[in-house]
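Participant: My file is coords.csv. It has CSV, C-alpha atoms and all ligand atoms:
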```
chain,number,residue,atom,x,y,z
A,21,MET,CA,-2.4,0.0,23.3
A,22,GLU,CA,-5.9,1.4,23.3
A,23,VAL,CA,-8.4,2.6,20.8
A,24,ILE,CA,-8.8,6.4,21.3
A,25,LYS,CA,-11.1,7.2,18.4
A,26,VAL,CA,-13.1,5.5,15.8
A,27,ILE,CA,-14.0,7.5,12.7
A,28,GLN,CA,-16.7,5.9,10.5
A,29,ASP,CA,-18.3,6.5,7.1
A,30,GLU,CA,-20.7,4.2,5.3
A,31,LEU,CA,-17.8,2.1,4.0
A,32,ASN,CA,-14.8,2.3,6.3
A,33,ASN,CA,-13.9,2.4,9.9
A,34,LEU,CA,-10.7,4.0,10.9
A,35,LEU,CA,-9.4,3.3,14.4
A,36,GLU,CA,-6.9,5.6,16.0
A,37,ILE,CA,-4.8,3.5,18.4
A,38,LYS,CA,-2.6,4.9,21.0
A,39,THR,CA,0.7,3.2,22.0
A,40,GLU,CA,1.9,2.9,25.6
A,41,ASP,CA,4.5,5.7,24.9
A,42,GLY,CA,1.8,8.0,23.6
A,43,TYR,CA,2.1,7.8,19.8
A,44,THR,CA,-0.9,7.2,17.5
A,45,VAL,CA,-1.2,4.7,14.7
A,46,GLU,CA,-4.1,4.0,12.4
A,47,ALA,CA,-5.8,0.7,11.4
A,48,VAL,CA,-8.6,0.7,8.9
A,49,HIS,CA,-11.4,-1.8,8.8
A,50,TYR,CA,-12.8,-2.0,5.3
A,51,ARG,CA,-16.2,-3.5,4.5
A,52,GLY,CA,-15.5,-7.0,3.3
A,53,ASN,CA,-13.7,-7.8,6.5
A,54,THR,CA,-10.2,-6.6,5.5
A,55,LEU,CA,-8.1,-4.9,8.1
A,56,CYS,CA,-5.3,-2.6,7.0
A,57,VAL,CA,-2.6,-2.5,9.7
A,58,SER,CA,0.3,-0.1,10.2
A,59,SER,CA,3.8,-1.4,10.7
A,60,GLN,CA,5.6,1.8,11.8
A,61,VAL,CA,5.0,5.1,13.6
A,62,GLY,CA,5.7,7.5,10.8
A,63,CYS,CA,7.6,6.4,7.7
A,64,SER,CA,11.1,7.1,6.4
A,65,ILE,CA,10.3,6.3,2.8
A,66,ARG,CA,8.7,9.8,2.6
A,67,CYS,CA,6.7,9.3,-0.6
A,68,THR,CA,6.0,12.9,-1.7
A,69,PHE,CA,2.3,12.2,-2.3
A,70,CYS,CA,1.7,10.7,1.2
A,71,ALA,CA,0.3,12.6,4.2
A,72,SER,CA,1.1,9.6,6.4
A,73,GLY,CA,4.9,9.9,5.8
A,74,MET,CA,5.0,13.7,5.9
A,75,ASN,CA,6.5,13.9,9.4
A,76,GLY,CA,9.1,11.3,8.8
A,77,PHE,CA,9.9,8.2,10.8
A,78,ILE,CA,9.5,7.9,14.6
A,79,ARG,CA,9.9,4.2,15.4
A,80,ASN,CA,9.0,0.6,14.4
A,81,LEU,CA,6.0,-1.1,15.9
A,82,SER,CA,6.7,-4.2,17.9
A,83,PHE,CA,5.2,-7.6,17.0
A,84,GLN,CA,2.8,-7.1,19.9
A,85,GLU,CA,1.8,-3.6,18.7
A,86,ILE,CA,1.1,-5.0,15.2
A,87,VAL,CA,-1.0,-7.9,16.4
A,88,ASP,CA,-2.7,-5.7,19.0
A,89,GLN,CA,-4.2,-3.6,16.1
A,90,TYR,CA,-6.0,-6.8,15.1
A,91,ARG,CA,-7.0,-7.7,18.6
A,92,LEU,CA,-8.4,-4.2,19.3
A,93,VAL,CA,-10.4,-4.2,16.1
A,94,VAL,CA,-11.9,-7.6,16.8
A,95,GLU,CA,-12.7,-6.5,20.4
A,96,SER,CA,-14.4,-3.4,19.0
A,97,GLY,CA,-16.8,-5.8,17.2
A,98,TYR,CA,-15.5,-5.9,13.7
A,99,GLU,CA,-15.0,-9.2,11.8
A,100,VAL,CA,-11.6,-9.7,10.1
A,101,LYS,CA,-10.8,-12.3,7.5
A,102,ASN,CA,-8.0,-10.6,5.7
A,103,ILE,CA,-5.0,-8.5,6.8
A,104,THR,CA,-3.2,-6.2,4.5
A,105,PHE,CA,0.1,-4.4,5.5
A,106,ALA,CA,-0.9,-1.2,3.7
A,107,GLY,CA,-1.2,1.2,6.6
A,108,ILE,CA,1.5,3.6,7.8
A,109,GLY,CA,5.0,2.5,7.3
A,110,GLU,CA,7.0,0.4,4.8
A,111,PRO,CA,6.7,-3.2,6.1
A,112,LEU,CA,10.1,-4.2,4.8
A,113,LEU,CA,11.7,-1.6,7.0
A,114,ASN,CA,10.4,-3.4,10.1
A,115,TRP,CA,10.8,-6.8,8.6
A,116,GLN,CA,11.4,-9.0,11.6
A,117,ASN,CA,8.3,-7.8,13.5
A,118,VAL,CA,6.2,-7.8,10.4
A,119,LYS,CA,7.3,-11.4,9.5
A,120,THR,CA,6.5,-12.7,13.0
A,121,SER,CA,3.1,-10.9,12.9
A,122,PHE,CA,2.5,-12.4,9.5
A,123,GLU,CA,3.2,-15.9,10.9
A,124,TYR,CA,0.8,-15.2,13.8
A,125,PHE,CA,-2.0,-14.0,11.5
A,126,LYS,CA,-1.6,-17.0,9.3
A,127,SER,CA,-1.8,-19.3,12.3
A,128,LEU,CA,-5.2,-17.8,12.9
A,129,GLY,CA,-6.3,-18.7,9.4
A,130,LEU,CA,-6.2,-15.1,8.1
A,131,LYS,CA,-5.2,-14.2,4.6
A,132,VAL,CA,-2.3,-11.7,4.6
A,133,SER,CA,-1.2,-9.4,1.8
A,134,PHE,CA,1.4,-6.7,1.4
A,135,TYR,CA,1.9,-3.3,-0.3
A,136,THR,CA,5.5,-2.5,-0.6
A,137,THR,CA,8.0,-0.1,-2.3
A,138,GLY,CA,10.5,-3.0,-2.4
A,139,PHE,CA,13.0,-1.3,-0.1
A,140,PRO,CA,15.2,-2.7,1.2
A,141,ILE,CA,15.8,-5.3,-1.5
A,142,LEU,CA,17.1,-8.0,0.8
A,143,TYR,CA,13.8,-8.2,2.6
A,144,PHE,CA,11.8,-7.8,-0.6
A,145,ARG,CA,13.4,-11.1,-1.7
A,146,GLN,CA,12.4,-12.7,1.6
A,147,LEU,CA,8.8,-11.3,1.4
A,148,LEU,CA,8.4,-13.0,-2.0
A,149,ASP,CA,9.4,-16.3,-0.5
A,150,ILE,CA,6.9,-16.4,2.4
A,151,ASN,CA,3.4,-18.0,2.1
A,152,HIS,CA,1.7,-14.7,1.6
A,153,ASN,CA,-1.7,-14.1,-0.1
A,154,GLY,CA,-0.6,-11.2,-2.3
A,155,VAL,CA,2.2,-8.7,-2.9
A,156,THR,CA,1.7,-5.5,-4.7
A,157,LEU,CA,4.9,-3.7,-5.7
A,158,SER,CA,4.2,0.0,-5.7
A,159,ILE,CA,6.2,1.4,-8.6
A,160,HIS,CA,4.3,4.6,-9.4
A,161,SER,CA,6.8,5.4,-12.2
A,162,VAL,CA,8.7,3.3,-14.7
A,163,TYR,CA,11.6,5.8,-14.8
A,164,ASP,CA,14.2,5.8,-12.0
A,165,GLU,CA,14.6,9.5,-11.7
A,166,LYS,CA,10.9,10.2,-11.5
A,167,ARG,CA,10.3,7.3,-9.2
A,168,LYS,CA,12.9,8.8,-6.9
A,169,SER,CA,11.0,12.1,-6.9
A,170,ILE,CA,7.8,10.3,-5.9
A,171,ILE,CA,9.4,7.6,-3.6
A,172,PRO,CA,12.7,9.2,-2.4
A,173,ASN,CA,14.1,6.1,-0.6
A,174,SER,CA,13.6,3.6,-3.4
A,175,GLN,CA,15.4,1.0,-5.4
A,176,LYS,CA,15.9,1.1,-9.2
A,177,VAL,CA,12.8,-0.1,-11.1
A,178,GLU,CA,14.7,-2.6,-13.2
A,179,GLU,CA,16.4,-4.1,-10.2
A,180,LEU,CA,13.0,-4.7,-8.5
A,181,LEU,CA,11.5,-6.1,-11.7
A,182,GLU,CA,14.3,-8.5,-12.3
A,183,ILE,CA,13.9,-9.9,-8.8
A,184,LEU,CA,10.1,-10.3,-9.3
A,185,GLU,CA,10.6,-11.8,-12.7
A,186,GLU,CA,13.1,-14.3,-11.4
A,187,HIS,CA,10.7,-15.2,-8.6
A,188,ILE,CA,7.6,-15.7,-10.6
A,189,LYS,CA,9.0,-17.4,-13.7
A,190,ASN,CA,8.4,-20.9,-12.4
A,191,LEU,CA,5.2,-20.3,-10.6
A,192,SER,CA,1.9,-21.7,-11.7
A,193,SER,CA,-0.5,-19.2,-13.3
A,194,ARG,CA,-2.7,-19.4,-10.1
A,195,LYS,CA,0.3,-18.4,-7.9
A,196,LYS,CA,1.3,-15.6,-10.4
A,197,LYS,CA,-2.0,-14.0,-9.7
A,198,LEU,CA,-0.8,-13.1,-6.2
A,199,TYR,CA,1.6,-10.5,-7.6
A,200,SER,CA,0.8,-7.1,-9.1
A,201,LEU,CA,2.2,-3.7,-9.8
A,202,GLY,CA,0.7,-0.7,-7.9
A,203,TYR,CA,0.6,2.5,-9.9
A,204,LEU,CA,-0.7,5.6,-8.3
A,205,LEU,CA,-1.8,8.0,-11.1
A,206,ILE,CA,-0.8,11.6,-10.5
A,207,LYS,CA,-1.9,14.3,-12.9
A,208,ASP,CA,0.9,15.4,-15.3
A,209,ILE,CA,3.5,13.5,-13.3
A,210,ASN,CA,3.2,9.9,-14.3
A,211,ASP,CA,0.1,9.7,-16.5
A,212,SER,CA,1.6,10.6,-19.9
A,213,GLU,CA,0.9,8.3,-22.9
A,214,LYS,CA,4.6,7.4,-23.2
A,215,GLU,CA,4.8,6.4,-19.6
A,216,ILE,CA,1.6,4.3,-19.7
A,217,GLU,CA,3.0,2.6,-22.8
A,218,GLU,CA,6.1,1.7,-20.8
A,219,LEU,CA,3.9,0.4,-17.9
A,220,ILE,CA,2.1,-1.8,-20.4
A,221,ARG,CA,5.3,-3.1,-21.8
A,222,ILE,CA,6.6,-4.0,-18.3
A,223,SER,CA,3.3,-5.6,-17.2
A,224,LYS,CA,3.3,-7.7,-20.3
A,225,ARG,CA,6.9,-8.7,-19.9
A,226,LEU,CA,6.2,-10.0,-16.4
A,227,SER,CA,2.6,-11.1,-17.0
A,228,LEU,CA,1.5,-9.0,-14.0
A,229,SER,CA,-1.7,-7.3,-13.2
A,230,VAL,CA,-1.8,-3.6,-12.4
A,231,SER,CA,-3.6,-2.0,-9.5
A,232,LEU,CA,-4.3,1.5,-10.9
A,233,LEU,CA,-4.7,3.7,-7.9
A,234,LYS,CA,-6.4,7.1,-7.8
A,235,TYR,CA,-4.6,9.9,-6.0
A,236,ASN,CA,-6.4,11.4,-3.0
A,237,GLU,CA,-5.6,15.1,-3.1
A,238,VAL,CA,-4.3,16.5,0.3
A,239,GLU,CA,-3.9,20.1,1.3
A,240,GLY,CA,-0.2,21.1,1.4
A,241,ILE,CA,0.8,18.5,-1.2
A,242,PRO,CA,1.0,20.0,-4.7
A,243,TYR,CA,-0.1,16.9,-6.7
A,244,LYS,CA,-3.4,16.7,-8.5
A,245,THR,CA,-5.7,13.8,-9.3
A,246,THR,CA,-5.7,12.5,-12.8
A,247,PRO,CA,-9.3,13.5,-13.9
A,248,ASP,CA,-11.8,10.6,-14.1
A,249,LYS,CA,-12.0,10.7,-17.9
A,250,GLU,CA,-8.3,10.2,-18.3
A,251,TYR,CA,-8.2,7.7,-15.4
A,252,GLU,CA,-10.8,5.6,-17.2
A,253,ALA,CA,-9.1,5.9,-20.5
A,254,ILE,CA,-5.8,4.6,-19.1
A,255,PHE,CA,-7.7,1.8,-17.4
A,256,LEU,CA,-9.3,0.8,-20.7
A,257,LYS,CA,-6.0,1.0,-22.6
A,258,LEU,CA,-4.4,-1.4,-20.1
A,259,ARG,CA,-7.4,-3.7,-20.4
A,260,GLU,CA,-7.3,-3.5,-24.2
A,261,CYS,CA,-3.7,-4.7,-24.0
A,262,ASP,CA,-4.9,-7.8,-22.0
A,263,ILE,CA,-3.5,-6.6,-18.8
A,264,LYS,CA,-5.7,-7.4,-15.8
A,265,THR,CA,-6.2,-4.1,-14.2
A,266,THR,CA,-8.1,-3.1,-11.1
A,267,LEU,CA,-9.2,0.4,-10.3
A,268,SER,CA,-9.0,2.0,-6.8
A,269,ASN,CA,-12.0,0.5,-5.2
A,270,ARG,CA,-14.5,2.8,-3.5
A,271,TYR,CA,-13.0,2.0,-0.1
A,272,ARG,CA,-9.6,3.4,-1.0
A,273,THR,CA,-10.7,6.7,-2.5
A,274,ARG,CA,-12.2,8.1,0.7
A,275,LYS,CA,-11.0,10.5,3.3
A,276,ILE,CA,-11.3,7.7,5.8
A,277,GLY,CA,-8.9,5.0,4.9
A,278,GLY,CA,-7.9,6.4,1.5
A,279,CYS,CA,-4.4,5.6,0.2
A,280,GLY,CA,-1.8,7.9,1.7
A,281,THR,CA,-4.3,9.8,3.8
A,282,LEU,CA,-4.4,8.0,7.1
A,283,MET,CA,-2.6,10.5,9.2
A,284,ILE,CA,-4.6,13.5,8.0
A,285,ASN,CA,-7.5,12.3,10.1
A,286,ARG,CA,-5.7,13.3,13.2
A,287,LEU,CA,-3.6,16.2,11.9
A,288,ASN,CA,-4.7,19.6,10.6
A,289,TYR,CA,-4.6,18.6,7.0
A,290,THR,CA,-7.7,18.0,4.9
A,291,THR,CA,-8.4,16.1,1.7
A,292,LEU,CA,-9.6,18.4,-1.1
B,301,LIG,S1,3.0,5.6,0.9
B,301,LIG,FE1,3.6,4.1,2.4
B,301,LIG,S2,5.8,3.9,2.1
B,301,LIG,FE2,5.2,5.8,1.2
B,301,LIG,S3,5.5,7.4,2.8
B,301,LIG,FE3,3.4,6.7,2.9
B,301,LIG,S4,3.4,5.1,4.4
B,301,LIG,FE4,5.5,5.3,3.8
```
Starting from the file, lay out its structure as structure tokens.
Ligand code: SF4
Facilitator:
Amino acid sequence: MEVIKVIQDELNNLLEIKTEDGYTVEAVHYRGNTLCVSSQVGCSIRCTFCASGMNGFIRNLSFQEIVDQYRLVVESGYEVKNITFAGIGEPLLNWQNVKTSFEYFKSLGLKVSFYTTGFPILYFRQLLDINHNGVTLSIHSVYDEKRKSIIPNSQKVEELLEILEEHIKNLSSRKKKLYSLGYLLIKDINDSEKEIEELIRISKRLSLSVSLLKYNEVEGIPYKTTPDKEYEAIFLKLRECDIKTTLSNRYRTRKIGGCGTLMINRLNYTTL
């Protein structure tokens, strides 16, 4: 593997890394010393908002290819203290290599967190059981049919919530803080008052925090960003209901390293 290009802005550094067989994967170094790594070349989940999964799945990355992203980033002069599996690919669909990489990263003293759609469920259970430093379950809709239209290869919402609920029920409040729900707001798709009420109900039931993500518009994908005013109103509503809520931080709303946009930096798509 070799770094073929580094794209920088004032906050993020996106490294395009070429595999031995000629594919390209992205790793993003965020200020704050967090490295977001990819787990697959392409992605078969095919979230309809995501430029990274647009061309479907090509292959899994090996253990060596996952840890090489870290090695290459460090060799390029960046400090890394945290790893997050939030780049291209669903980590659970490459679970054995991801798990071995997780163990390697932990042995180096790094903190390791995950973003996942929870598919497949067998590995979702296993992920919850490892000594991770954070799991965000990307739900994006509280309704099964709508969730399927956003995340085509996905489990039922209630099935995932029950697993999570069962897992966290006996955890200390400190450990519970390691779990959250990821909710990508998309204008007129999942940001209605009714759906947000339901999100609040679910978050309260499980005592989970919510990571409220802002959609990065991409040419060729018909979704629109929930305007700032409504985005903030939804954030305040969740907070008023005592739900710990985080907004997309400024690192994740950028063309370089923004959620769902990684691949557009090397394809002919543009953020709007
Ligand atoms: S958001 Fe993640 S899981 Fe969904 S298609 Fe993109 S890379 Fe895959």
Participant: Kindly work out which residues sit at most 10 Å from ligand LIG 301 (chain B), using only C-alpha atoms and all ligand atoms, and give the list as a PyMOL selection string.
Facilitator: chain A and resi 58-77+105-113+135-139+158+170-174+204+279-283
Participant: Just how far from CA of Asn117 (chain A) is CA of Ser96 (chain A), in Å to one decimal?
Facilitator: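 These atoms are spaced 23.8 Å apart.
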Participant: Excluding Asn210 (chain A) and residues on its chain fewer than 3 positions from it, collect all residues at most 12 Å away from it, counting only C-alpha atoms, and give them as a CSV table (one decimal) with C-alpha atoms, in the coordinates of the input.
Facilitator:
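Done, and the output landed in selection01.csv:
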```csv
chain,number,residue,atom,x,y,z
A,159,ILE,CA,6.2,1.4,-8.6
A,160,HIS,CA,4.3,4.6,-9.4
A,161,SER,CA,6.8,5.4,-12.2
A,162,VAL,CA,8.7,3.3,-14.7
A,163,TYR,CA,11.6,5.8,-14.8
A,164,ASP,CA,14.2,5.8,-12.0
A,165,GLU,CA,14.6,9.5,-11.7
A,166,LYS,CA,10.9,10.2,-11.5
A,167,ARG,CA,10.3,7.3,-9.2
A,169,SER,CA,11.0,12.1,-6.9
A,170,ILE,CA,7.8,10.3,-5.9
A,203,TYR,CA,0.6,2.5,-9.9
A,204,LEU,CA,-0.7,5.6,-8.3
A,205,LEU,CA,-1.8,8.0,-11.1
A,206,ILE,CA,-0.8,11.6,-10.5
A,207,LYS,CA,-1.9,14.3,-12.9
A,213,GLU,CA,0.9,8.3,-22.9
A,214,LYS,CA,4.6,7.4,-23.2
A,215,GLU,CA,4.8,6.4,-19.6
A,216,ILE,CA,1.6,4.3,-19.7
A,217,GLU,CA,3.0,2.6,-22.8
A,218,GLU,CA,6.1,1.7,-20.8
A,219,LEU,CA,3.9,0.4,-17.9
A,232,LEU,CA,-4.3,1.5,-10.9
A,233,LEU,CA,-4.7,3.7,-7.9
A,234,LYS,CA,-6.4,7.1,-7.8
A,235,TYR,CA,-4.6,9.9,-6.0
A,243,TYR,CA,-0.1,16.9,-6.7
A,244,LYS,CA,-3.4,16.7,-8.5
A,245,THR,CA,-5.7,13.8,-9.3
A,246,THR,CA,-5.7,12.5,-12.8
A,251,TYR,CA,-8.2,7.7,-15.4
A,254,ILE,CA,-5.8,4.6,-19.1
```
Participant: So, with all atoms listed in the file as the atoms that count, which of A:His152, A:Arg51, A:Arg225, A:Lys264 lies closest to Phe125 (chain A)?
Facilitator: A:His152
Participant: Using all atoms listed in the file, can you tell me which of A:Ile241, A:Leu147, A:Leu256, A:Val23 comes closest to Thr39 (chain A)?
Facilitator: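 Nearest to Thr39 (chain A): A:Val23.
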Participant: Give me, please, the distance in Å between CA of Thr44 (chain A) and CA of Asn153 (chain A), quoted to one decimal.
Facilitator: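 One can read the CA of Thr44 (chain A) to CA of Asn153 (chain A) distance as 27.6 Å.
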Participant: For the atom pair CA of Gln84 (chain A) and CA of Gly154 (chain A), what is the interatomic distance in Å to one decimal place?
Facilitator: 22.8 Å
Participant: Write out as a ChimeraX atom specification which residues come within 10 Å of Thr266 (chain A) when counting only C-alpha atoms, dropping same-chain ones fewer than 2 positions away.
Facilitator: /A:200,202,229-233,255,258-259,263-264,268-269
Participant: Within 12 Å of Asp41 (chain A), counting all atoms listed in the file, which residues qualify if same-chain residues fewer than 4 places away don't, as a list in words?
Facilitator: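 Contacts, with the query itself left out: Met21, Glu22, Ile37, Val45, Val61, Ile78, Arg79, Leu81 and Glu85 of chain A.
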Participant: Write out as a VMD selection string which residues come within 12 Å of Leu228 (chain A) when counting all atoms listed in the file, dropping same-chain ones fewer than 3 positions away.
Facilitator: chain A and resid 155 to 157 181 184 to 185 188 to 189 193 to 202 219 to 225 231 258 262 to 266
Participant: For Leu142 (chain A), which residue among A:Trp115, A:Val48, A:Ile209, A:Ser121 is the nearest when counting all atoms listed in the file?
Facilitator: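 Among the listed residues, A:Trp115 lies closest to Leu142 (chain A).
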